[in-house]
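Student: Sending over start.cif (mmCIF, C-alpha atoms).
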data_work
loop_
_atom_site.label_atom_id
_atom_site.label_comp_id
_atom_site.auth_asym_id
_atom_site.auth_seq_id
_atom_site.Cartn_x
_atom_site.Cartn_y
_atom_site.Cartn_z
CA MET N 1 21.99 -71.57 194.29
CA THR N 2 20.80 -74.26 196.68
CA PRO N 3 21.65 -77.92 196.09
CA GLU N 4 17.93 -78.52 195.56
CA ASP N 5 17.80 -75.87 192.84
CA PHE N 6 20.85 -77.32 191.11
CA GLN N 7 19.37 -80.82 191.26
CA PHE N 8 16.07 -79.58 189.81
CA ILE N 9 17.58 -77.69 186.88
CA SER N 10 20.18 -80.36 186.04
CA LYS N 11 17.48 -83.08 186.10
CA LEU N 12 15.24 -81.02 183.82
CA ILE N 13 18.03 -80.38 181.32
CA LYS N 14 19.09 -84.04 181.27
CA GLU N 15 15.51 -85.23 180.69
CA ARG N 16 15.03 -82.78 177.83
CA SER N 17 18.40 -82.98 176.08
CA GLY N 18 20.56 -85.75 177.55
CA LEU N 19 23.09 -83.13 178.71
CA VAL N 20 24.66 -84.15 182.01
CA LEU N 21 25.43 -81.11 184.14
CA THR N 22 27.86 -81.88 186.96
CA GLU N 23 28.43 -79.47 189.81
CA ASP N 24 31.86 -78.49 188.52
CA LYS N 25 30.08 -77.20 185.38
CA SER N 26 27.54 -75.16 187.32
CA TYR N 27 29.22 -71.99 186.02
CA LEU N 28 27.56 -72.79 182.69
CA LEU N 29 24.19 -72.19 184.31
CA GLU N 30 25.06 -68.59 185.03
CA SER N 31 26.73 -67.85 181.69
CA ARG N 32 23.99 -69.51 179.62
CA LEU N 33 20.86 -68.78 181.66
CA MET N 34 21.39 -65.24 182.94
CA PRO N 35 20.60 -63.82 179.47
CA VAL N 36 17.34 -65.85 179.52
CA ALA N 37 16.52 -64.52 182.99
CA ARG N 38 17.16 -60.92 181.92
CA LYS N 39 15.05 -61.37 178.79
CA ARG N 40 12.17 -62.54 180.95
CA GLY N 41 12.60 -59.76 183.51
CA LEU N 42 13.74 -62.15 186.25
CA LYS N 43 16.28 -61.09 188.87
CA GLY N 44 18.58 -64.10 188.68
CA LEU N 45 18.92 -67.88 188.50
CA GLU N 46 17.01 -68.46 191.72
CA GLU N 47 13.96 -66.64 190.36
CA LEU N 48 14.34 -68.38 186.98
CA ILE N 49 14.38 -71.81 188.63
CA SER N 50 11.48 -70.87 190.92
CA THR N 51 9.46 -69.80 187.87
CA LEU N 52 10.25 -73.08 186.11
CA ARG N 53 9.14 -75.03 189.18
CA THR N 54 5.82 -73.23 189.61
CA HIS N 55 4.66 -72.44 186.06
CA LYS N 56 6.02 -75.40 184.04
CA GLU N 57 5.55 -73.31 180.89
CA GLU N 58 6.65 -75.41 177.92
CA ALA N 59 8.02 -72.48 175.89
CA PHE N 60 10.11 -71.39 178.86
CA ILE N 61 11.46 -74.92 179.38
CA VAL N 62 12.40 -75.10 175.69
CA GLU N 63 14.11 -71.70 175.90
CA VAL N 64 16.18 -72.82 178.90
CA THR N 65 17.08 -76.14 177.25
CA GLU N 66 18.16 -74.43 174.04
CA ALA N 67 20.31 -71.96 175.96
CA MET N 68 22.11 -74.81 177.71
CA THR N 69 22.64 -76.99 174.64
CA THR N 70 23.64 -74.50 171.93
CA ASN N 71 27.29 -75.16 171.12
CA GLU N 72 29.90 -73.39 169.08
CA SER N 73 30.70 -74.63 165.59
CA PHE N 74 32.99 -73.66 162.74
CA PHE N 75 33.74 -74.69 159.17
CA PHE N 76 35.86 -77.80 158.51
CA ARG N 77 36.32 -78.23 162.25
CA ASP N 78 39.42 -80.30 163.05
CA ASN N 79 40.03 -80.85 159.30
CA LYS N 80 40.94 -84.56 159.60
CA PRO N 81 37.36 -85.94 159.54
CA PHE N 82 36.61 -83.93 156.39
CA ASP N 83 39.79 -85.18 154.74
CA LEU N 84 38.78 -88.76 155.60
CA PHE N 85 35.27 -88.18 154.28
CA ARG N 86 36.61 -86.85 150.96
CA ASP N 87 39.63 -89.12 150.45
CA GLN N 88 38.59 -92.46 151.99
CA VAL N 89 34.85 -92.66 152.59
CA MET N 90 33.55 -91.05 149.41
CA PRO N 91 35.62 -93.17 146.96
CA GLU N 92 34.13 -96.28 148.56
CA MET N 93 30.62 -94.83 148.48
CA LEU N 94 30.99 -93.87 144.81
CA LYS N 95 32.11 -97.39 143.99
CA ASN N 96 29.56 -99.27 146.13
CA ARG N 97 26.60 -97.10 145.10
CA ALA N 98 27.42 -96.77 141.40
CA THR N 99 24.08 -98.38 140.50
CA GLN N 100 21.64 -96.44 142.70
CA LYS N 101 23.68 -93.19 142.57
CA SER N 102 22.32 -91.86 145.85
CA LEU N 103 23.93 -90.72 149.10
CA ARG N 104 22.40 -89.60 152.39
CA VAL N 105 24.45 -87.97 155.15
CA TRP N 106 23.19 -87.01 158.61
CA CYS N 107 24.80 -84.32 160.77
CA ALA N 108 23.46 -84.76 164.31
CA ALA N 109 23.59 -81.63 166.47
CA ALA N 110 24.27 -79.54 163.37
CA SER N 111 24.27 -76.28 165.35
CA SER N 112 24.53 -73.20 163.10
CA GLY N 113 25.22 -75.24 159.97
CA GLN N 114 28.98 -75.08 159.48
CA GLU N 115 29.46 -78.87 159.48
CA PRO N 116 26.68 -79.70 156.97
CA TYR N 117 27.75 -76.88 154.67
CA SER N 118 31.39 -78.01 154.87
CA LEU N 119 30.30 -81.47 153.71
CA ALA N 120 28.11 -79.94 151.00
CA ILE N 121 31.12 -77.99 149.70
CA ILE N 122 33.15 -81.23 149.55
CA LEU N 123 30.38 -82.92 147.54
CA LYS N 124 30.10 -79.91 145.23
CA GLU N 125 33.86 -80.07 144.63
CA MET N 126 33.31 -83.71 143.55
CA ALA N 127 30.59 -82.74 141.08
CA ALA N 128 32.34 -84.35 138.11
CA GLN N 129 32.51 -87.71 139.88
CA MET N 130 28.93 -87.38 141.12
CA ALA N 131 27.23 -86.51 137.83
CA GLY N 132 23.73 -88.01 137.93
CA TRP N 133 23.86 -88.65 141.67
CA LYS N 134 21.29 -87.57 144.24
CA ALA N 135 23.08 -86.32 147.37
CA GLU N 136 21.20 -85.28 150.49
CA ILE N 137 22.57 -83.91 153.77
CA ILE N 138 20.24 -83.70 156.78
CA GLY N 139 21.24 -81.45 159.67
CA THR N 140 19.33 -81.77 162.94
CA ASP N 141 19.46 -79.91 166.23
CA ILE N 142 17.46 -79.42 169.40
CA SER N 143 17.53 -75.62 169.09
CA LYS N 144 15.05 -74.01 166.72
CA ASP N 145 16.88 -70.68 166.93
CA ILE N 146 20.20 -72.19 165.87
CA LEU N 147 18.49 -74.14 163.06
CA LYS N 148 17.04 -70.87 161.76
CA LYS N 149 20.55 -69.43 161.60
CA ALA N 150 21.73 -72.56 159.75
CA GLN N 151 18.88 -72.31 157.25
CA ASP N 152 19.60 -68.62 156.64
CA GLY N 153 23.22 -69.48 155.82
CA LEU N 154 24.51 -66.05 156.85
CA TYR N 155 27.83 -65.79 158.66
CA SER N 156 29.99 -63.01 160.04
CA GLN N 157 33.55 -62.34 158.93
CA PHE N 158 34.73 -63.92 162.18
CA GLU N 159 32.69 -67.08 161.54
CA VAL N 160 33.90 -67.61 157.97
CA GLN N 161 37.50 -66.99 158.97
CA ARG N 162 37.34 -69.96 161.34
CA GLY N 163 38.25 -72.90 159.13
CA MET N 164 36.96 -71.80 155.74
CA PRO N 165 39.78 -71.73 153.14
CA ILE N 166 39.83 -68.40 151.32
CA GLN N 167 39.41 -70.02 147.90
CA MET N 168 36.28 -71.84 149.12
CA LEU N 169 34.95 -68.63 150.67
CA MET N 170 35.25 -66.74 147.39
CA LYS N 171 33.79 -69.65 145.41
CA TYR N 172 30.81 -70.60 147.55
CA PHE N 173 29.84 -67.42 149.45
CA GLU N 174 28.53 -64.02 148.45
CA LYS N 175 29.12 -60.83 150.43
CA GLN N 176 25.92 -59.27 151.80
CA ASP N 177 26.74 -56.03 153.60
CA GLU N 178 28.80 -57.13 156.62
CA LEU N 179 27.85 -60.80 156.29
CA TRP N 180 28.74 -63.71 154.02
CA ALA N 181 25.85 -65.69 152.49
CA ILE N 182 26.36 -69.28 151.42
CA LYS N 183 25.36 -69.72 147.77
CA PRO N 184 22.10 -71.50 146.79
CA GLU N 185 24.01 -74.30 145.07
CA ILE N 186 25.39 -75.33 148.49
CA LYS N 187 22.24 -74.57 150.50
CA GLU N 188 20.11 -76.79 148.26
CA LEU N 189 22.18 -79.85 149.27
CA VAL N 190 21.26 -79.45 152.94
CA GLN N 191 17.95 -79.81 154.78
CA TYR N 192 17.53 -78.84 158.44
CA ARG N 193 15.13 -80.42 160.91
CA PHE N 194 14.35 -80.00 164.57
CA TYR N 195 15.19 -83.31 166.25
CA ASN N 196 16.10 -84.58 169.70
CA LEU N 197 18.64 -87.42 169.86
CA LEU N 198 16.76 -88.83 172.85
CA ASP N 199 13.75 -89.56 170.63
CA SER N 200 13.39 -92.51 168.26
CA LEU N 201 15.66 -91.90 165.27
CA LEU N 202 13.76 -94.21 162.89
CA PRO N 203 11.64 -91.40 161.34
CA LEU N 204 14.84 -89.84 159.99
CA GLY N 205 15.27 -92.77 157.60
CA LYS N 206 18.45 -94.54 156.50
CA PHE N 207 21.84 -92.89 156.04
CA ASP N 208 25.11 -93.88 154.41
CA VAL N 209 27.23 -91.64 156.63
CA VAL N 210 26.50 -90.15 160.06
CA PHE N 211 28.41 -87.30 161.67
CA CYS N 212 27.73 -87.23 165.41
CA ARG N 213 30.77 -85.28 166.54
CA ASN N 214 31.29 -83.63 169.91
CA VAL N 215 27.80 -84.59 171.07
CA LEU N 216 28.20 -87.78 173.11
CA ILE N 217 30.72 -86.11 175.45
CA TYR N 218 27.76 -84.34 177.07
CA PHE N 219 25.82 -87.56 177.78
CA ASP N 220 26.17 -90.19 180.50
CA GLN N 221 27.23 -93.72 179.55
CA GLU N 222 23.71 -95.11 179.36
CA THR N 223 22.50 -92.33 177.07
CA LYS N 224 25.60 -92.63 174.87
CA GLY N 225 24.92 -96.35 174.44
CA LYS N 226 21.27 -95.81 173.54
CA VAL N 227 22.09 -93.14 170.95
CA LEU N 228 24.84 -95.26 169.37
CA ASP N 229 22.60 -98.33 169.25
CA GLN N 230 19.90 -96.29 167.52
CA ILE N 231 22.34 -94.85 165.00
CA SER N 232 23.48 -98.37 164.12
CA THR N 233 19.94 -99.19 162.92
CA LEU N 234 20.06 -96.32 160.42
CA LEU N 235 23.23 -97.47 158.63
CA PRO N 236 23.74 -100.08 155.88
CA PRO N 237 26.47 -102.72 156.35
CA ASP N 238 29.11 -100.43 154.82
CA GLY N 239 27.84 -97.27 156.55
CA VAL N 240 30.24 -94.98 158.39
CA LEU N 241 29.96 -93.10 161.68
CA PHE N 242 32.14 -90.09 162.55
CA LEU N 243 32.58 -89.17 166.21
CA GLY N 244 34.61 -86.38 167.79
CA GLY N 245 38.29 -86.87 168.58
CA ALA N 246 37.58 -87.18 172.31
CA GLU N 247 34.74 -89.68 171.78
CA THR N 248 34.75 -93.45 171.36
CA VAL N 249 32.39 -96.42 171.08
CA LEU N 250 34.73 -98.67 173.08
CA GLY N 251 33.11 -99.88 176.27
CA ILE N 252 29.87 -98.11 175.33
CA SER N 253 28.38 -99.94 172.34
CA ASP N 254 29.18 -103.23 170.63
CA LYS N 255 27.39 -102.14 167.45
CA PHE N 256 30.45 -100.33 166.04
CA LYS N 257 34.15 -100.98 165.48
CA PRO N 258 36.99 -98.54 164.63
CA LEU N 259 37.79 -98.29 160.91
CA GLN N 260 41.04 -97.91 159.00
CA GLY N 261 43.11 -97.28 162.08
CA GLN N 262 41.85 -93.69 162.08
CA ARG N 263 40.62 -92.04 165.23
CA GLY N 264 36.98 -91.04 165.28
CA ILE N 265 35.66 -93.09 162.33
CA TYR N 266 33.64 -96.30 162.80
CA GLY N 267 31.82 -98.98 160.86
CA LEU N 268 29.22 -101.51 161.96
CA ALA N 269 30.63 -104.40 163.99
#
Translate the structure described by the file into structure tokens.
Tutor:
Amino acid sequence: MTPEDFQFISKLIKERSGLVLTEDKSYLLESRLMPVARKRGLKGLEELISTLRTHKEEAFIVEVTEAMTTNESFFFRDNKPFDLFRDQVMPEMLKNRATQKSLRVWCAAASSGQEPYSLAIILKEMAAQMAGWKAEIIGTDISKDILKKAQDGLYSQFEVQRGMPIQMLMKYFEKQDELWAIKPEIKELVQYRFYNLLDSLLPLGKFDVVFCRNVLIYFDQETKGKVLDQISTLLPPDGVLFLGGAETVLGISDKFKPLQGQRGIYGLA
């Protein structure tokens, strides 16, 4: 691949998704885009990039962007954030919202749905405390294909074994041939929408809790700051933001401050 080709494709992907592709990550181009090239009957990356340059077909651009931005996910990933959500954040929310009895949670870059469904399972386990409450979880992603998988709620044995406690699996999933289907009582708590974090977030509405984990690591500093500043406008004064363990707001946005001495959880400054 020529430097010009790399510059073209990396610029296109950044404009569409915010993903910063440095030259040391160029191997991702081959692993992610060769299947797209083969599907389209193209010989390799050079022909794929040449086709993008000349045709500027929107569906093709979307296909390439989705291939580059689809990330792996699994249930109760890293455990700690989910423990914090259940044991520290939710008791405060239940107390502070006792009058309106409503809760909205946003999972940005929800991928194939494991994070939103993990949160939905936690809320379902708190059903006695949340009697009469309206709880809503919104999962968004830039990939329509991955959102379709999330909406279907069907997972392989390998996928459910990654993080899902066996007692939760038996309680909230049903076996369908070789797959596990998440039960309707969990699915109904989650809505999925196609959304790009680079767009205005205001149409999504207000949220009490935002999970934006393992997303900002792919953005440059300027884009990280813009996304964080936008998220801050969606939260009430006691709202909570969860980031990934390798992510921080420090030096990027002055809209948030670390909470409770716990890594990866933030409140409004």
Student: Can you give me, as a list in words, the residues this file yields under the PyMOL selection byres ((chain N and resi 168-185) around 10)?
Tutor: Tyr117, Ser118, Ala120, Ile121, Ile122, Lys124, Glu125, Gln151, Asp152, Gly153, Leu154, Tyr155, Ser156, Gln157, Phe158, Glu159, Val160, Gln161, Met164, Pro165, Ile166, Gln167, Ile186, Lys187, Glu188, Leu189 and Val190 of chain N
Student: For the structure provided, state which residues fall under the PyMOL selection byres ((chain N and resi 112) around 10), and present them as a ChimeraX atom specification.
Tutor: /N:70-74,109-111,113-117,139,141,143,145-155
Student: Translate the PyMOL selection byres ((chain N and resi 68) around 12), as applied to the file shown, into an explicit residue set as a PyMOL selection string.
Tutor: chain N and resi 9-10+12-14+16-21+25-36+61-67+69-72+142-143+218
Student: Rank nothing, just name the residue among N:Ala269, N:Leu48, N:Ala135, N:Leu84 nearest to Ser232 in chain N, using only C-alpha atoms.
Tutor: N:Ala269
Student: By how many Å are CA of Phe82 in chain N and CA of Phe207 in chain N apart?
Tutor: 17.3 Å
Student: So how many Å separate CA of Glu47 in chain N and CA of Gln7 in chain N, to one decimal?
Tutor: 15.2 Å
Student: If you measure from CA of Leu202 in chain N to CA of Lys226 in chain N, what distance in Å do you get, rounded to one decimal?
Tutor: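 A separation of 13.1 Å between them.
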Student: Would you please work out which residue, of N:Asp78, N:Asp5, N:Leu197, N:Leu103, is nearest to Thr223 in chain N when using all atoms listed in the file?
Tutor: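 Answer, going by the shortest atom-to-atom distance: N:Leu197.
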Student: With distances taken over all atoms listed in the file, which of N:Glu15, N:Val249, N:Leu268, N:Lys134 is nearest to Asn196 in chain N?
Tutor: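 Among the listed residues, N:Glu15 lies closest to Asn196 in chain N.
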Student: With all atoms listed in the file as the counted atoms, please give the residues lying no more than 6 Å from Ile137 in chain N, apart from itself and same-chain residues fewer than 5 positions off, as a PDB file with C-alpha atoms, keeping the file's coordinate frame.
Tutor:
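Writing done, so here's out_22.pdb:
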ATOM      1  CA  ARG N 104      22.400 -89.600 152.390  1.00  0.00           C
ATOM      2  CA  VAL N 105      24.450 -87.970 155.150  1.00  0.00           C
ATOM      3  CA  TRP N 106      23.190 -87.010 158.610  1.00  0.00           C
ATOM      4  CA  VAL N 190      21.260 -79.450 152.940  1.00  0.00           C
TER       5      VAL N 190
END
